[in-house]
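Student: Quick one, start-v2.cif (mmCIF, C-alpha atoms):
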```
data_start
loop_
_atom_site.label_atom_id
_atom_site.label_comp_id
_atom_site.auth_asym_id
_atom_site.auth_seq_id
_atom_site.Cartn_x
_atom_site.Cartn_y
_atom_site.Cartn_z
CA MET A 6 -20.35 106.74 91.02
CA ILE A 7 -20.28 107.23 94.78
CA GLY A 8 -23.36 106.68 96.91
CA SER A 9 -25.09 103.73 95.20
CA GLU A 10 -24.15 100.52 93.43
CA GLY A 11 -25.30 98.15 90.71
CA HIS A 12 -25.09 100.52 87.74
CA GLY A 13 -23.49 98.08 85.30
CA SER A 14 -19.98 97.03 84.35
CA ASP A 15 -19.21 100.36 82.63
CA VAL A 16 -19.52 102.30 85.89
CA VAL A 17 -17.18 102.12 88.91
CA ALA A 18 -19.65 102.43 91.78
CA TYR A 19 -19.47 102.36 95.57
CA ALA A 20 -22.14 102.72 98.25
CA TRP A 21 -21.23 105.30 100.88
CA ASP A 22 -20.66 102.69 103.57
CA ARG A 23 -18.32 100.77 101.24
CA PHE A 24 -16.45 103.71 99.78
CA PRO A 25 -12.70 102.79 99.97
CA GLU A 26 -10.17 104.97 101.73
CA ASN A 27 -7.58 106.88 99.67
CA PHE A 28 -9.80 106.69 96.55
CA ASN A 29 -8.84 109.44 94.10
CA VAL A 30 -11.91 110.78 92.30
CA ALA A 31 -9.63 112.92 90.11
CA ASP A 32 -8.71 109.74 88.20
CA TYR A 33 -12.10 109.87 86.46
CA ASP A 34 -13.69 112.20 83.89
CA VAL A 35 -17.25 112.00 85.24
CA VAL A 36 -18.11 111.59 88.91
CA ILE A 37 -21.60 111.40 90.40
CA LEU A 38 -21.99 112.06 94.13
CA ASN A 39 -25.30 110.51 95.14
CA PHE A 40 -26.16 112.36 98.35
CA ALA A 41 -29.80 111.30 97.85
CA SER A 42 -28.78 108.09 99.63
CA PHE A 43 -28.33 110.16 102.80
CA ASP A 44 -31.65 111.97 102.25
CA GLN A 45 -33.47 108.64 102.01
CA ASN A 46 -31.57 106.94 104.87
CA PRO A 47 -31.13 109.28 107.89
CA GLU A 48 -29.45 106.50 109.90
CA LEU A 49 -26.76 106.17 107.23
CA ALA A 50 -26.25 109.95 107.28
CA ALA A 51 -26.02 110.13 111.10
CA GLY A 52 -23.53 107.25 111.33
CA PHE A 53 -21.37 108.17 108.36
CA PRO A 54 -17.87 109.49 109.28
CA PRO A 55 -17.47 112.81 107.41
CA GLU A 56 -13.78 112.12 106.81
CA ARG A 57 -14.82 109.25 104.52
CA LEU A 58 -16.22 111.70 101.98
CA PRO A 59 -13.96 112.22 98.94
CA ASP A 60 -11.33 114.68 100.12
CA ARG A 61 -11.53 118.33 99.11
CA ASP A 62 -8.22 118.35 97.24
CA SER A 63 -9.06 115.43 94.91
CA LEU A 64 -12.50 116.88 94.23
CA GLY A 65 -10.86 120.25 93.54
CA ARG A 66 -8.45 118.66 91.05
CA LEU A 67 -11.40 116.99 89.31
CA PHE A 68 -13.29 120.29 89.39
CA PHE A 69 -10.46 122.01 87.48
CA ALA A 70 -9.65 119.11 85.13
CA GLU A 71 -10.32 119.83 81.46
CA GLY A 72 -13.40 118.07 80.11
CA ALA A 73 -14.50 116.74 83.50
CA GLU A 74 -18.03 116.78 84.84
CA LEU A 75 -19.31 116.46 88.38
CA ILE A 76 -22.93 115.76 89.28
CA ALA A 77 -24.26 115.98 92.85
CA ILE A 78 -27.74 114.73 93.73
CA GLY A 79 -29.66 115.51 96.91
CA ASP A 80 -30.22 118.26 99.45
CA PRO A 81 -26.96 120.29 99.76
CA SER A 82 -27.69 121.07 103.41
CA THR A 83 -27.95 117.39 104.43
CA GLU A 84 -25.95 116.90 107.62
CA ILE A 85 -23.73 113.86 108.03
CA GLY A 86 -21.90 112.28 110.92
CA PRO A 87 -22.73 112.26 114.62
CA GLU A 88 -23.36 115.36 116.67
CA PRO A 89 -19.94 116.85 117.59
CA GLU A 90 -18.84 117.15 121.18
CA ARG A 91 -19.47 120.60 122.64
CA SER A 92 -16.40 122.43 123.82
CA GLY A 93 -17.08 126.01 124.86
CA TYR A 94 -19.25 126.74 121.86
CA ILE A 95 -21.55 124.72 119.62
CA LEU A 96 -19.91 123.14 116.60
CA GLY A 97 -22.21 122.34 113.69
CA ARG A 98 -22.34 119.02 111.90
CA ARG A 99 -20.72 118.69 108.48
CA THR A 100 -22.91 119.05 105.41
CA VAL A 101 -22.51 117.29 102.08
CA ASN A 102 -21.52 120.54 100.30
CA ASP A 103 -18.64 121.45 102.63
CA TRP A 104 -16.06 120.40 100.01
CA LEU A 105 -17.07 123.18 97.60
CA PRO A 106 -14.76 126.23 97.31
CA PHE A 107 -17.84 128.47 97.62
CA TRP A 108 -21.07 128.43 99.58
CA PHE A 109 -24.76 128.79 98.90
CA ALA A 110 -27.76 128.85 101.21
CA VAL A 111 -30.63 126.38 101.07
CA GLU A 112 -34.22 126.97 102.17
CA LYS A 113 -36.39 124.00 103.12
CA LYS A 114 -39.72 124.66 101.45
CA SER A 115 -41.82 122.33 99.34
CA GLY A 116 -43.59 123.10 96.07
CA ALA A 117 -44.71 121.68 92.75
CA ALA A 118 -44.57 124.61 90.29
CA PHE A 119 -41.22 125.26 88.62
CA GLU A 120 -39.72 126.24 85.27
CA LEU A 121 -36.97 124.39 83.41
CA LYS A 122 -34.10 126.71 82.33
CA ASP A 123 -31.73 124.16 80.77
CA ALA A 124 -33.33 121.92 78.11
CA GLY A 125 -30.51 119.41 78.47
CA TRP A 126 -32.05 118.29 81.77
CA GLU A 127 -35.65 117.97 80.50
CA PHE A 128 -35.45 114.18 80.85
CA TYR A 129 -34.73 114.61 84.55
CA PHE A 130 -37.15 117.33 85.56
CA SER A 131 -40.02 115.71 83.66
CA ARG A 132 -39.88 113.14 86.48
CA LEU A 133 -39.88 115.73 89.30
CA THR A 134 -43.37 116.17 90.71
CA ARG A 135 -42.46 118.04 93.89
CA TYR A 136 -39.36 119.75 95.19
CA GLN A 137 -38.42 119.88 98.89
CA TRP A 138 -35.82 122.67 98.93
CA PHE A 139 -34.39 125.46 96.82
CA MET A 140 -31.32 127.70 96.80
CA ASN A 141 -32.33 131.09 98.12
CA GLY A 142 -29.86 133.17 96.11
CA GLU A 143 -27.28 133.74 98.87
CA THR A 144 -23.97 132.61 97.41
CA GLY A 145 -20.31 133.43 97.85
CA SER A 146 -16.71 132.21 97.81
CA GLY A 147 -15.17 133.92 100.81
CA TYR A 148 -14.88 131.14 103.38
CA GLN A 149 -11.79 129.51 101.86
CA ASP A 150 -8.42 131.16 101.19
CA PRO A 151 -8.06 131.14 97.37
CA THR A 152 -4.28 131.02 97.36
CA GLN A 153 -4.18 127.99 99.64
CA TYR A 154 -6.99 126.24 97.77
CA PHE A 155 -5.51 126.69 94.31
CA ARG A 156 -2.00 125.76 95.45
CA ALA A 157 -3.29 122.52 96.99
CA ILE A 158 -5.02 121.41 93.79
CA GLY A 159 -2.23 122.46 91.41
CA VAL A 160 -3.72 125.61 89.86
CA HIS A 161 -0.73 127.94 89.97
CA GLY A 162 -0.68 131.72 89.85
CA ALA A 163 -4.26 132.25 91.07
CA ASP A 164 -5.01 134.44 94.07
CA GLY A 165 -8.77 134.91 93.70
CA MET A 166 -11.90 132.93 92.87
CA VAL A 167 -15.10 134.08 91.18
CA PRO A 168 -18.05 131.66 91.13
CA GLU A 169 -20.50 131.46 88.23
CA PHE A 170 -24.00 130.14 88.93
CA LYS A 171 -26.55 129.18 86.27
CA ALA A 172 -30.00 127.87 87.14
CA ILE A 173 -31.06 124.54 85.65
CA ALA A 174 -34.59 124.91 87.01
CA GLU A 175 -36.31 127.62 89.05
CA THR A 176 -39.32 127.88 91.28
CA ARG A 177 -42.15 130.10 90.04
CA PHE A 178 -40.72 132.97 92.12
CA GLY A 179 -37.27 132.71 90.53
CA GLN A 180 -35.33 130.72 93.13
CA PRO A 181 -33.08 127.96 91.68
CA LEU A 182 -33.87 124.40 92.74
CA ALA A 183 -30.99 123.05 90.61
CA MET A 184 -27.82 124.80 89.45
CA THR A 185 -24.74 124.43 87.31
CA PHE A 186 -21.67 125.91 89.00
CA ARG A 187 -18.32 126.93 87.58
CA MET A 188 -15.40 128.72 89.18
CA PHE A 189 -12.99 131.22 87.63
CA ALA A 190 -9.48 131.07 89.07
CA THR A 191 -8.29 134.66 88.80
CA ARG A 192 -5.20 136.78 89.32
CA TYR A 193 -5.31 140.38 90.56
CA LYS A 194 -3.98 142.80 87.94
CA THR A 195 -4.23 145.84 90.22
CA ARG A 196 -5.10 145.95 93.87
CA PRO A 197 -7.25 148.66 95.49
CA GLY A 198 -5.44 151.34 97.45
CA LEU A 199 -6.19 152.40 100.99
CA ASN A 200 -6.83 156.06 100.10
CA LEU A 201 -10.05 157.91 99.32
CA ASP A 202 -9.58 157.33 95.60
CA TYR A 203 -10.75 153.72 95.93
CA ARG A 204 -11.10 151.67 92.76
CA GLU A 205 -12.37 148.14 92.40
CA PRO A 206 -9.46 145.74 91.76
CA GLU A 207 -9.07 144.41 88.22
CA VAL A 208 -8.86 140.65 87.92
CA GLU A 209 -7.59 138.46 85.12
CA PRO A 210 -9.26 135.05 84.60
CA ILE A 211 -6.54 132.42 84.23
CA ARG A 212 -8.55 129.19 84.41
CA LEU A 213 -12.19 128.12 84.30
CA SER A 214 -13.34 125.02 86.11
CA SER A 215 -15.45 122.22 84.72
CA PRO A 216 -19.15 122.26 85.64
CA ILE A 217 -20.77 120.94 88.78
CA HIS A 218 -24.47 120.17 88.33
CA TRP A 219 -26.41 120.02 91.61
CA LEU A 220 -29.80 118.32 91.28
CA PRO A 221 -32.66 117.52 93.63
CA SER A 222 -33.57 113.87 94.19
CA LEU A 223 -36.66 112.57 92.40
CA ASP A 224 -39.56 111.65 94.66
CA ASP A 225 -40.78 108.72 92.53
CA LEU A 226 -37.35 107.05 92.19
CA GLY A 227 -34.94 105.57 94.70
CA ALA A 228 -31.41 106.93 95.05
CA ALA A 229 -29.89 104.28 92.78
CA GLU A 230 -32.66 104.57 90.17
CA VAL A 231 -32.04 108.32 89.88
CA VAL A 232 -28.46 107.57 88.85
CA ASP A 233 -29.63 104.90 86.37
CA LEU A 234 -31.79 107.57 84.72
CA ILE A 235 -28.84 110.00 84.37
CA LEU A 236 -26.52 107.29 83.04
CA ALA A 237 -29.05 106.23 80.42
CA GLU A 238 -30.31 109.63 79.27
CA ARG A 239 -27.26 111.89 79.64
CA PHE A 240 -24.43 109.43 78.94
CA GLY A 241 -26.17 106.81 76.81
CA LEU A 242 -25.20 103.87 79.04
CA SER A 243 -27.53 100.89 79.08
CA VAL A 244 -28.44 99.96 82.63
CA ALA A 245 -29.87 96.53 83.40
CA PRO A 246 -33.29 96.52 85.12
CA ARG A 247 -32.96 96.44 88.90
CA ARG A 248 -34.21 93.45 90.85
CA PRO A 249 -37.01 94.20 93.28
CA GLU A 250 -35.89 94.25 96.92
CA TRP A 251 -38.35 91.49 97.92
CA VAL A 252 -36.52 88.94 95.76
CA GLU A 253 -33.71 88.95 98.35
CA ASP A 254 -36.02 86.89 100.60
CA PHE A 255 -35.79 83.94 98.17
CA GLU A 256 -32.23 82.79 98.74
CA LEU A 257 -31.15 79.43 97.27
CA PRO A 258 -29.12 76.92 99.32
CA LEU A 259 -25.95 77.33 97.22
CA GLU A 260 -26.07 81.10 97.74
CA GLY A 261 -25.91 80.59 101.50
CA GLU A 262 -22.96 78.18 101.22
CA ILE A 263 -21.03 80.58 98.97
CA ALA A 264 -21.86 83.53 101.22
CA ALA A 265 -20.40 81.58 104.18
CA GLU A 266 -17.28 80.83 102.14
CA ILE A 267 -16.90 84.52 101.25
CA ALA A 268 -17.35 85.49 104.91
CA GLY A 269 -14.57 83.06 105.87
CA LEU A 270 -12.26 84.47 103.21
CA LEU A 271 -12.98 88.01 104.35
CA SER A 272 -12.19 87.00 107.93
CA GLU A 273 -8.89 85.51 106.77
CA ARG A 274 -8.14 88.68 104.83
CA GLU A 275 -8.86 90.81 107.91
CA ALA A 276 -6.51 88.66 110.01
CA LEU A 277 -3.84 88.92 107.28
CA GLU A 278 -4.26 92.70 107.10
CA ASP A 279 -3.77 92.87 110.88
CA ARG A 280 -0.56 90.84 110.53
CA ILE A 281 0.64 93.09 107.71
CA ALA A 282 -0.09 96.20 109.80
CA ALA A 283 1.82 94.71 112.75
CA ALA A 284 4.74 93.83 110.46
CA ARG A 285 4.81 97.38 109.11
CA ARG A 286 4.97 98.73 112.66
CA ARG A 287 7.87 96.37 113.40
CA ALA A 288 9.60 97.49 110.20
CA ILE A 289 9.32 101.12 111.26
CA ALA A 290 10.76 100.26 114.68
CA ALA A 291 13.57 98.24 113.10
CA ALA A 292 14.48 101.15 110.83
CA ALA A 293 14.51 103.69 113.68
CA PRO A 294 18.33 103.55 114.16
CA ARG A 295 18.81 105.17 110.74
CA ALA A 296 17.81 108.47 112.35
CA LEU A 297 21.16 108.34 114.19
CA LEU A 298 22.85 109.01 110.85
CA TYR A 299 21.28 112.42 110.22
CA GLU A 300 19.44 113.85 113.25
CA LYS A 301 20.67 116.73 115.38
CA GLY A 302 19.18 118.86 118.12
CA LYS A 303 17.96 118.30 121.64
CA ASP A 304 14.48 117.08 120.81
CA ALA A 305 15.42 115.06 117.72
CA LEU A 306 18.79 113.41 118.41
CA GLU A 307 19.02 113.12 122.21
CA PRO A 308 16.02 110.82 122.85
CA LYS A 309 17.03 108.57 119.93
CA VAL A 310 20.58 108.20 121.28
CA ARG A 311 19.33 107.40 124.80
CA ALA A 312 16.91 104.82 123.40
CA ALA A 313 19.64 103.26 121.23
CA LEU A 314 22.09 102.95 124.13
CA GLY A 315 19.31 101.31 126.13
CA GLU A 316 18.76 98.82 123.30
CA LEU A 317 22.47 97.97 123.50
CA GLY A 318 22.18 96.96 127.13
CA ALA A 319 22.76 100.10 129.19
CA THR A 320 20.46 101.70 131.72
CA VAL A 321 20.05 105.30 130.60
CA THR A 322 18.19 107.96 132.54
CA GLU A 323 17.31 111.42 131.30
CA ALA A 324 18.59 114.40 133.25
CA GLU A 325 16.12 115.63 135.85
CA ARG A 326 17.02 119.25 135.13
CA GLU A 327 18.00 120.72 131.79
CA GLY A 328 21.57 121.97 131.57
CA ILE A 329 23.23 119.60 134.05
CA GLU A 330 23.86 116.74 131.57
CA ASP A 331 22.13 114.97 128.68
CA GLY A 332 21.63 111.79 130.71
CA VAL A 333 23.36 109.26 132.94
CA LEU A 334 24.36 105.79 131.72
CA SER A 335 24.94 102.74 133.93
CA ARG A 336 26.53 99.37 133.12
CA ALA A 337 28.47 96.73 134.96
CA GLU A 338 31.56 98.30 133.43
CA GLY A 339 30.84 101.66 135.05
CA GLU A 340 28.73 104.79 134.94
CA ALA A 341 28.94 107.71 132.55
CA VAL A 342 27.60 111.20 132.14
CA LEU A 343 26.39 111.91 128.61
CA GLU A 344 26.83 114.84 126.27
CA ILE A 345 24.83 114.20 123.06
CA LYS A 346 25.60 116.50 120.17
CA GLY A 347 24.81 116.72 116.46
CA ARG A 348 26.75 119.16 114.31
CA LYS A 349 27.08 120.02 110.62
CA GLY A 350 30.85 120.02 111.13
CA SER A 351 33.20 118.44 113.69
CA ILE A 352 32.47 118.09 117.41
CA LYS A 353 33.94 121.16 119.08
CA LEU A 354 36.25 121.71 122.05
CA GLU A 355 33.41 123.32 124.00
CA ASP A 356 31.36 120.09 123.70
CA VAL A 357 34.18 118.05 125.29
CA ARG A 358 34.82 120.64 128.00
CA GLN A 359 31.15 120.68 128.88
CA VAL A 360 30.93 116.93 129.53
CA VAL A 361 34.09 117.10 131.72
CA GLN A 362 32.42 119.80 133.81
CA TRP A 363 29.19 117.79 133.98
CA ALA A 364 31.07 114.69 135.19
CA ALA A 365 32.78 116.74 137.91
CA ASP A 366 29.48 118.27 139.01
CA ALA A 367 27.83 114.84 139.09
CA LYS A 368 30.65 113.42 141.24
CA GLY A 369 30.22 116.30 143.70
CA ARG A 370 26.50 115.59 143.76
CA ASP A 371 26.52 111.75 143.92
CA GLY A 372 30.05 110.82 145.00
CA VAL A 373 30.45 108.65 141.88
CA ASP A 374 33.37 108.71 139.46
CA TYR A 375 31.47 109.16 136.19
CA LYS A 376 33.05 108.54 132.81
CA PRO A 377 32.62 111.65 130.62
CA LEU A 378 31.09 110.32 127.39
CA VAL A 379 30.31 112.36 124.28
CA VAL A 380 27.99 110.70 121.76
CA GLY A 381 28.20 112.80 118.63
CA ASN A 382 26.78 112.95 115.11
CA ALA A 383 29.45 114.98 113.38
CA HIS A 384 28.99 116.17 109.77
CA CYS A 385 25.37 115.06 110.14
CA GLU A 386 24.26 116.43 106.75
CA THR A 387 27.01 114.58 104.82
CA PRO A 388 26.78 110.92 103.72
CA PRO A 389 28.81 108.80 106.17
CA ALA A 390 31.41 107.71 103.60
CA GLU A 391 32.21 111.35 102.78
CA ARG A 392 32.54 112.68 106.34
CA GLY A 393 35.72 114.22 107.68
CA GLU A 394 37.23 113.88 111.16
CA ALA A 395 34.52 113.67 113.81
CA LEU A 396 36.55 115.54 116.47
CA ALA A 397 38.14 118.91 115.86
CA PRO A 398 41.94 118.67 116.53
CA ASN A 399 41.81 120.65 119.81
CA ALA A 400 38.74 118.69 120.93
CA LYS A 401 40.55 115.40 120.19
CA THR A 402 43.60 116.44 122.23
CA TYR A 403 41.48 117.65 125.15
CA ALA A 404 39.43 114.44 125.17
CA GLU A 405 42.55 112.24 125.22
CA ASN A 406 44.11 114.27 128.05
CA SER A 407 40.92 114.42 130.13
CA GLY A 408 39.76 110.80 129.91
CA VAL A 409 36.72 111.66 127.77
CA ALA A 410 35.37 108.90 125.53
CA PHE A 411 33.92 109.92 122.17
CA LEU A 412 31.41 107.54 120.60
CA SER A 413 30.00 108.46 117.21
CA THR A 414 26.37 107.85 116.31
CA LEU A 415 27.71 105.91 113.29
CA GLN A 416 29.26 103.47 115.77
CA VAL A 417 25.99 103.27 117.70
CA TYR A 418 24.15 102.58 114.44
CA GLU A 419 26.64 99.85 113.52
CA ALA A 420 26.25 98.25 116.96
CA LEU A 421 22.46 98.16 116.54
CA ARG A 422 22.86 96.74 113.04
CA ARG A 423 25.06 93.96 114.39
CA GLN A 424 22.64 93.35 117.24
CA GLN A 425 19.81 92.86 114.73
CA ALA A 426 22.08 90.53 112.72
CA GLY A 427 22.94 88.52 115.85
CA SER A 428 26.67 89.37 115.85
CA PHE A 429 26.84 92.05 118.57
CA ASP A 430 29.26 91.53 121.47
CA ALA A 431 27.87 93.75 124.24
CA GLY A 432 30.75 93.11 126.65
CA PHE A 433 33.41 94.07 124.10
CA PHE A 434 31.43 97.14 123.02
CA TRP A 435 30.98 98.56 126.51
CA ARG A 436 34.51 97.74 127.67
CA SER A 437 35.77 99.65 124.63
CA VAL A 438 33.63 102.63 125.60
CA PHE A 439 34.66 102.79 129.26
CA GLU A 440 38.38 102.15 128.56
CA ALA A 441 38.63 104.77 125.80
CA THR A 442 40.33 108.13 126.13
CA GLY A 443 39.43 110.02 123.03
CA ALA A 444 37.69 108.26 120.14
CA VAL A 445 36.33 104.78 120.97
CA GLU A 446 38.09 102.16 118.85
CA LEU A 447 35.60 99.67 117.39
CA PRO A 448 35.60 97.49 114.25
#
```
Would you encode the structure as structure tokens?

Tutor:
Amino acid sequence: MIGSEGHGSDVVAYAWDRFPENFNVADYDVVILNFASFDQNPELAAGFPPERLPDRDSLGRLFFAEGAELIAIGDPSTEIGPEPERSGYILGRRTVNDWLPFWFAVEKKSGAAFELKDAGWEFYFSRLTRYQWFMNGETGSGYQDPTQYFRAIGVHGADGMVPEFKAIAETRFGQPLAMTFRMFATRYKTRPGLNLDYREPEVEPIRLSSPIHWLPSLDDLGAAEVVDLILAERFGLSVAPRRPEWVEDFELPLEGEIAAEIAGLLSEREALEDRIAAARRRAIAAAAPRALLYEKGKDALEPKVRAALGELGATVTEAEREGIEDGVLSRAEGEAVLEIKGRKGSIKLEDVRQVVQWAADAKGRDGVDYKPLVVGNAHCETPPAERGEALAPNAKTYAENSGVAFLSTLQVYEALRRQQAGSFDAGFFWRSVFEATGAVELP
């Protein structure tokens, strides 16, 4: 039950402003969406974030679950959430029926004369003295892509949807003021051609949804009392009599003390949740070096390598222009031009030649003898223990003869792991890098 509370221990119920995030309505067989709470409280409707409604996918899974039932109460055209910001054109506010895989139009007109079409709801409509809206007969299912919708909710093989509408009650001029909806998930058997001999496509029903009953609110009952009536008459649940609202003015002293205690506990919980959220962010940051074991590509690997080398004590700057180097590294031990490369196989000769050229160009530009340094993630799609030689044989020879240092991202990962463990020797690490010709030798 979503939209009102206090319906007894047999009913899981949440008011709209206390509806929890990530709640899966598809876990239940019967769900009641009490939109009458918005009808009777415009301030709640205007301030309610639309994204807090049950999400479309979980409602769709409930809709197509066998033996399920969904009941919605209130004006389907009720708008929720604040007015959207205008940006070039006017965007409308969300309505409470936006989650449906079809649409129907509502006309705001009041009346008292109507005819019941479904005897199963006689208990409900015997309490309706006046309606405020009706469905004007304009319906359809074309605003949502069927293939995408059915794939998202786990109904496979369907590429079309056909809605079925049955009136529960009608106005005296035949317009429904309450309906039961179902949806056929269908598959095209033949598709129409583009020639003059056009034939309507044949469709095969492959699954029928459970019913959605959409009801008007009752003018002589509050939003919660309407639900109590449905629970008692349709589902046979005994609902305890509701306390009158005025009794809340007669609070006893112990109630106030306990309420203060609860408020303190909630405050502590909020502070603890903040600490947990901060710890999770730290955990994500601490785990970031693992990306060095599998990433490749300019936008994925390069920034992570530069950040990691900075964490290990170097000053690393990104190249000002693409194609001149992958960055410049500075330490007390020296300065280096970077080539950062991830490959499915070994690091190639062309990668080593490129960094030698970049170092020469940088010396001509700055007058600095830069160390050519390749940081490579070779065999990046293979588990580290199963990887082959990081440098191709000709690349290894060229690196050793040209003074190029090769540092693997596995070594960078290990250095960061030791740094987190408090056993990293920065001086030894960087001396090993700047003194290396070929592969850097590290424990």

Student: Which polymer residues have any atom within 7 Å of an atom of Cys385 (chain A), counting all atoms listed in the file, with same-chain residues fewer than 3 positions away left out, as a list in words?

Tutor: Leu298, Tyr299, Glu300, Gly347, Arg348, Lys349 and Asn382 of chain A

Student: Tell me which of A:Val380, A:Ala293, A:Ala228, A:Ile217 sits closest to Ile76 (chain A), counting all atoms listed in the file.

Tutor: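 Answer, going by the shortest atom-to-atom distance: A:Ile217.
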
Student: Please indicate the distance in Å from CA of Leu421 (chain A) to CA of Leu317 (chain A), rounded to one decimal place.

Tutor: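 It comes out at 7.0 Å.
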
Student: Starting from the PyMOL selection byres ((chain A and resi 359) around 12), expand the selection into actual residues of this file and give them as a PDB file with C-alpha atoms, in the coordinates of the input.

Tutor:
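As a result, expr.pdb now contains:
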```
ATOM      1  CA  GLY A 328      21.570 121.970 131.570  1.00  0.00           C
ATOM      2  CA  ILE A 329      23.230 119.600 134.050  1.00  0.00           C
ATOM      3  CA  GLU A 330      23.860 116.740 131.570  1.00  0.00           C
ATOM      4  CA  ASP A 331      22.130 114.970 128.680  1.00  0.00           C
ATOM      5  CA  VAL A 342      27.600 111.200 132.140  1.00  0.00           C
ATOM      6  CA  LEU A 343      26.390 111.910 128.610  1.00  0.00           C
ATOM      7  CA  GLU A 344      26.830 114.840 126.270  1.00  0.00           C
ATOM      8  CA  ILE A 345      24.830 114.200 123.060  1.00  0.00           C
ATOM      9  CA  LYS A 346      25.600 116.500 120.170  1.00  0.00           C
ATOM     10  CA  ILE A 352      32.470 118.090 117.410  1.00  0.00           C
ATOM     11  CA  LYS A 353      33.940 121.160 119.080  1.00  0.00           C
ATOM     12  CA  LEU A 354      36.250 121.710 122.050  1.00  0.00           C
ATOM     13  CA  GLU A 355      33.410 123.320 124.000  1.00  0.00           C
ATOM     14  CA  ASP A 356      31.360 120.090 123.700  1.00  0.00           C
ATOM     15  CA  VAL A 357      34.180 118.050 125.290  1.00  0.00           C
ATOM     16  CA  ARG A 358      34.820 120.640 128.000  1.00  0.00           C
ATOM     17  CA  VAL A 360      30.930 116.930 129.530  1.00  0.00           C
ATOM     18  CA  VAL A 361      34.090 117.100 131.720  1.00  0.00           C
ATOM     19  CA  GLN A 362      32.420 119.800 133.810  1.00  0.00           C
ATOM     20  CA  TRP A 363      29.190 117.790 133.980  1.00  0.00           C
ATOM     21  CA  ALA A 364      31.070 114.690 135.190  1.00  0.00           C
ATOM     22  CA  ALA A 365      32.780 116.740 137.910  1.00  0.00           C
ATOM     23  CA  ASP A 366      29.480 118.270 139.010  1.00  0.00           C
ATOM     24  CA  PRO A 377      32.620 111.650 130.620  1.00  0.00           C
ATOM     25  CA  LEU A 378      31.090 110.320 127.390  1.00  0.00           C
ATOM     26  CA  VAL A 379      30.310 112.360 124.280  1.00  0.00           C
ATOM     27  CA  ALA A 400      38.740 118.690 120.930  1.00  0.00           C
ATOM     28  CA  TYR A 403      41.480 117.650 125.150  1.00  0.00           C
ATOM     29  CA  ALA A 404      39.430 114.440 125.170  1.00  0.00           C
ATOM     30  CA  SER A 407      40.920 114.420 130.130  1.00  0.00           C
ATOM     31  CA  VAL A 409      36.720 111.660 127.770  1.00  0.00           C
TER      32      VAL A 409
END
```

Student: When the PyMOL selection byres ((chain A and resi 130) around 10) is applied to the structure above, which residues does it catch, written out as a VMD selection string?

Tutor: chain A and resid 119 to 121 123 to 129 131 to 135 173 to 174 183 220 to 223

Student: With the PyMOL selection byres ((chain A and resi 106) around 12) as the selection, what would be picked from this file? Answer as an mmCIF file with C-alpha atoms, in the coordinates of the input, please.

Tutor:
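Printed below is expr_23.cif as written:
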```
data_model
loop_
_atom_site.group_PDB
_atom_site.id
_atom_site.type_symbol
_atom_site.label_atom_id
_atom_site.label_comp_id
_atom_site.auth_asym_id
_atom_site.auth_seq_id
_atom_site.Cartn_x
_atom_site.Cartn_y
_atom_site.Cartn_z
ATOM 1 C CA ARG A 61 -11.530 118.330 99.110
ATOM 2 C CA ASP A 62 -8.220 118.350 97.240
ATOM 3 C CA LEU A 64 -12.500 116.880 94.230
ATOM 4 C CA GLY A 65 -10.860 120.250 93.540
ATOM 5 C CA ARG A 66 -8.450 118.660 91.050
ATOM 6 C CA PHE A 68 -13.290 120.290 89.390
ATOM 7 C CA PHE A 69 -10.460 122.010 87.480
ATOM 8 C CA ASN A 102 -21.520 120.540 100.300
ATOM 9 C CA ASP A 103 -18.640 121.450 102.630
ATOM 10 C CA TRP A 104 -16.060 120.400 100.010
ATOM 11 C CA LEU A 105 -17.070 123.180 97.600
ATOM 12 C CA PHE A 107 -17.840 128.470 97.620
ATOM 13 C CA TRP A 108 -21.070 128.430 99.580
ATOM 14 C CA PHE A 109 -24.760 128.790 98.900
ATOM 15 C CA THR A 144 -23.970 132.610 97.410
ATOM 16 C CA GLY A 145 -20.310 133.430 97.850
ATOM 17 C CA SER A 146 -16.710 132.210 97.810
ATOM 18 C CA GLY A 147 -15.170 133.920 100.810
ATOM 19 C CA TYR A 148 -14.880 131.140 103.380
ATOM 20 C CA GLN A 149 -11.790 129.510 101.860
ATOM 21 C CA ASP A 150 -8.420 131.160 101.190
ATOM 22 C CA PRO A 151 -8.060 131.140 97.370
ATOM 23 C CA THR A 152 -4.280 131.020 97.360
ATOM 24 C CA GLN A 153 -4.180 127.990 99.640
ATOM 25 C CA TYR A 154 -6.990 126.240 97.770
ATOM 26 C CA PHE A 155 -5.510 126.690 94.310
ATOM 27 C CA ILE A 158 -5.020 121.410 93.790
ATOM 28 C CA GLY A 165 -8.770 134.910 93.700
ATOM 29 C CA MET A 166 -11.900 132.930 92.870
ATOM 30 C CA VAL A 167 -15.100 134.080 91.180
ATOM 31 C CA PRO A 168 -18.050 131.660 91.130
ATOM 32 C CA GLU A 169 -20.500 131.460 88.230
ATOM 33 C CA PHE A 186 -21.670 125.910 89.000
ATOM 34 C CA ARG A 187 -18.320 126.930 87.580
ATOM 35 C CA MET A 188 -15.400 128.720 89.180
ATOM 36 C CA PHE A 189 -12.990 131.220 87.630
ATOM 37 C CA ALA A 190 -9.480 131.070 89.070
ATOM 38 C CA SER A 214 -13.340 125.020 86.110
ATOM 39 C CA ILE A 217 -20.770 120.940 88.780
#
```

Student: Take CA of Ala292 (chain A) and CA of Glu340 (chain A) and report the distance between them in Å, one decimal.

Tutor: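 Separation between CA of Ala292 (chain A) and CA of Glu340 (chain A): 28.2 Å.
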